[in-house]
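The structure under discussion appears below in the form of structure tokens.
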Amino acid sequence: MTDIAFYHLVHWPLETALPRLLEKTLEAGKRAVVMAGSEERVEALVNVLWTYEQGSWLPHGSAKDGNAAEQPVWLTADDENPNGATYLFLVDGAQSARMAECERCFELFDGNDADAVAAARRHWKAYADAGHDLTYWQQTDRGGWERQDAAAKE
């Protein structure tokens with residue numbers, strides 16, 4: 001079963017957290033697909049990955065760029081894996097039928113948005129019922145992540 005990690009965003013927005021997690025993904029030698037809720041959101045995230053930190057460079061692409069197989073990070077609004085990624089990042093409440101194809105899945109949600117929290121809770125229950133291994137991470141005020149008790153989230 002796929003390891004699914006929920007990332008509860010409370011101190012930073014997605015635009016700050018996602019690049020950091022993708023950097024760690026690439027450092028681990030993994031490829032990623034980022035699945036967003038719309039094409040507009042994909043393009044906004046593409047721009048974030050070009051500009052999130054001066055002097056940094058995170059190789060990535062989307063359908064507008066093409067050459068998916070050559071992109072270590074692929075951003076899409078479709079449920080696809082054209083770059084052979086083993087890590088899947090779900091944002092904006094996106095869901096994938098390809099979960100079992102992934103080594104790890106990261107579901108990032110805005111803890112300041114009641115609808116996003118409710119959706120994350122529904123996803124948690126569905127993934128648990130399907131037998132996936134789940135972990136829950138919450139942002140700390142020190143700029144990191146702290147693993148929380150998973151039983152409290154069910």
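Going by the structure tokens order, chains are called A, B, ..., each with residues numbered from 1, while ligands are numbered from 1 in the order shown.
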
Legend entry - Distance query Ala94 in chain A at most 9 Å, only C-alpha atoms, self and fewer than 2 positions along chain excluded, as a PyMOL selection string: chain A and resi 35-37+77+79+90-92+96+107

Legend entry - Nearby residues (only C-alpha atoms) at most 7 Å from Pro82 in chain A, same-chain spacing under 2 positions excluded, as an NGL selection string: :A and (68-69 or 80 or 84)

Using N, CA and C atoms, can you export the residues from the last selection as a CSV table (one decimal), in the first residue's frame?
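Output below, filename out-v6.csv:
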chain,number,residue,atom,x,y,z
A,68,ALA,N,7.4,15.7,-20.9
A,68,ALA,CA,7.1,15.3,-19.5
A,68,ALA,C,8.1,14.2,-19.0
A,69,ALA,N,8.5,13.3,-19.9
A,69,ALA,CA,9.4,12.3,-19.4
A,69,ALA,C,10.8,12.8,-18.9
A,80,GLU,N,-2.6,12.0,-14.0
A,80,GLU,CA,-1.7,11.4,-14.9
A,80,GLU,C,-0.3,11.3,-14.2
A,84,GLY,N,6.9,9.3,-14.9
A,84,GLY,CA,7.3,8.2,-14.2
A,84,GLY,C,7.6,8.4,-12.7

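Contact shell of Gly93 in chain A at 12 Å (only C-alpha atoms; same-chain neighbours under 5 positions omitted): A:Phe6, A:Val34, A:Met35, A:Ala36, A:Gly37, A:Ser38, A:Ala77, A:Phe106, A:Glu107, A:Leu108, A:Phe109, A:Asp110, A:Asp113, A:Asp115, A:Ala116, A:Val117, A:Ala118, A:Ala119, A:Ala120, A:Arg121, A:Arg122, A:His123, A:Trp124.
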
Given the selection you just returned, output its residues as a file containing C-alpha atoms, formatted as a tab-separated table (two decimals), in the first residue's frame.
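Produced file out_22.tsv, reproduced below:
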chain	number	residue	atom	x	y	z
A	6	PHE	CA	-1.12	14.62	5.25
A	34	VAL	CA	1.94	17.68	-8.41
A	35	MET	CA	-1.79	17.42	-9.06
A	36	ALA	CA	-3.70	20.68	-8.59
A	37	GLY	CA	-7.37	21.56	-8.77
A	38	SER	CA	-7.29	23.49	-12.06
A	77	ALA	CA	-4.63	19.21	-13.17
A	106	PHE	CA	1.60	13.93	0.05
A	107	GLU	CA	-1.77	15.57	0.62
A	108	LEU	CA	-1.28	19.23	1.45
A	109	PHE	CA	-4.22	21.20	2.81
A	110	ASP	CA	-4.84	24.66	4.21
A	113	ASP	CA	-9.84	26.76	5.42
A	115	ASP	CA	-13.73	23.22	3.75
A	116	ALA	CA	-10.16	22.04	3.07
A	117	VAL	CA	-9.91	20.56	6.56
A	118	ALA	CA	-13.24	18.75	6.13
A	119	ALA	CA	-12.13	17.37	2.76
A	120	ALA	CA	-8.83	16.19	4.26
A	121	ARG	CA	-10.73	14.37	6.99
A	122	ARG	CA	-12.91	12.61	4.39
A	123	HIS	CA	-9.81	11.65	2.39
A	124	TRP	CA	-8.09	10.36	5.55

Inset, instruction - Write out as a ChimeraX atom specification which residues come within 12 Å of Leu45 in chain A when counting only C-alpha atoms, dropping same-chain ones fewer than 3 positions away. - result: /A:13-19,34-42,48-52,58,60-62,73-77,91-92

Inset, instruction - Report the residues of chain A whose backbone DSSP state falls under strand (DSSP E or B), written as a ChimeraX atom specification. - result: /A:3-9,32-35,61,73-76,87-90,104-110,133-139,145-148

Please produce an output containing C-alpha atoms for each residue in the selection, written as a PDB file, in the first residue's frame.
ATOM      1  CA  ASP A   3       2.386   5.695   2.304  1.00  0.00           C
ATOM      2  CA  ILE A   4       0.163   8.774   2.476  1.00  0.00           C
ATOM      3  CA  ALA A   5       1.270  11.797   4.462  1.00  0.00           C
ATOM      4  CA  PHE A   6      -1.121  14.616   5.252  1.00  0.00           C
ATOM      5  CA  TYR A   7       0.554  18.014   5.535  1.00  0.00           C
ATOM      6  CA  HIS A   8      -1.545  20.479   7.515  1.00  0.00           C
ATOM      7  CA  LEU A   9      -0.565  23.996   6.441  1.00  0.00           C
ATOM      8  CA  ALA A  32       7.142  13.918  -8.455  1.00  0.00           C
ATOM      9  CA  VAL A  33       3.769  14.735  -9.934  1.00  0.00           C
ATOM     10  CA  VAL A  34       1.938  17.681  -8.406  1.00  0.00           C
ATOM     11  CA  MET A  35      -1.794  17.419  -9.060  1.00  0.00           C
ATOM     12  CA  GLY A  61       7.355  21.436 -16.186  1.00  0.00           C
ATOM     13  CA  VAL A  73       8.638  17.470 -11.266  1.00  0.00           C
ATOM     14  CA  TRP A  74       5.451  17.530 -13.365  1.00  0.00           C
ATOM     15  CA  LEU A  75       2.546  19.828 -12.530  1.00  0.00           C
ATOM     16  CA  THR A  76      -0.913  18.940 -13.808  1.00  0.00           C
ATOM     17  CA  TYR A  87       5.873  10.637  -5.364  1.00  0.00           C
ATOM     18  CA  LEU A  88       2.458  12.243  -5.786  1.00  0.00           C
ATOM     19  CA  PHE A  89       1.560  15.634  -4.323  1.00  0.00           C
ATOM     20  CA  LEU A  90      -2.153  16.422  -4.081  1.00  0.00           C
ATOM     21  CA  ARG A 104       4.429   8.026  -1.397  1.00  0.00           C
ATOM     22  CA  CYS A 105       1.600  10.501  -1.575  1.00  0.00           C
ATOM     23  CA  PHE A 106       1.595  13.932   0.053  1.00  0.00           C
ATOM     24  CA  GLU A 107      -1.771  15.565   0.616  1.00  0.00           C
ATOM     25  CA  LEU A 108      -1.277  19.234   1.451  1.00  0.00           C
ATOM     26  CA  PHE A 109      -4.217  21.196   2.806  1.00  0.00           C
ATOM     27  CA  ASP A 110      -4.840  24.661   4.212  1.00  0.00           C
ATOM     28  CA  ASP A 133      -0.336   3.685   5.735  1.00  0.00           C
ATOM     29  CA  LEU A 134      -1.139   7.199   6.959  1.00  0.00           C
ATOM     30  CA  THR A 135       0.856   9.876   8.765  1.00  0.00           C
ATOM     31  CA  TYR A 136      -0.145  13.366   9.773  1.00  0.00           C
ATOM     32  CA  TRP A 137       2.270  16.307   9.833  1.00  0.00           C
ATOM     33  CA  GLN A 138       1.560  19.796  11.092  1.00  0.00           C
ATOM     34  CA  GLN A 139       3.665  22.882  10.513  1.00  0.00           C
ATOM     35  CA  TRP A 145       7.038  19.841  10.461  1.00  0.00           C
ATOM     36  CA  GLU A 146       5.999  17.837  13.484  1.00  0.00           C
ATOM     37  CA  ARG A 147       4.423  14.417  13.271  1.00  0.00           C
ATOM     38  CA  GLN A 148       1.136  14.270  15.150  1.00  0.00           C
TER      39      GLN A 148
END

Inset, instruction - Check the smallest atom-to-atom distance from each of A:Glu103, A:Glu53, A:Glu70, A:Asp65 to Thr25 in chain A using only C-alpha atoms, then report the winner. - result: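 Looking at the shortest contact to Thr25 in chain A, the residue is A:Glu103.
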
Legend entry - Atomic distance CA of Val46 in chain A - CA of Gln71 in chain A, expressed in Å with one decimal: 12.5 Å

Legend entry - Top pick for closest residue to Asn81 in chain A, considering A:Arg31, A:Trp12, A:Lys64, A:His132 and counting only C-alpha atoms: A:Arg31
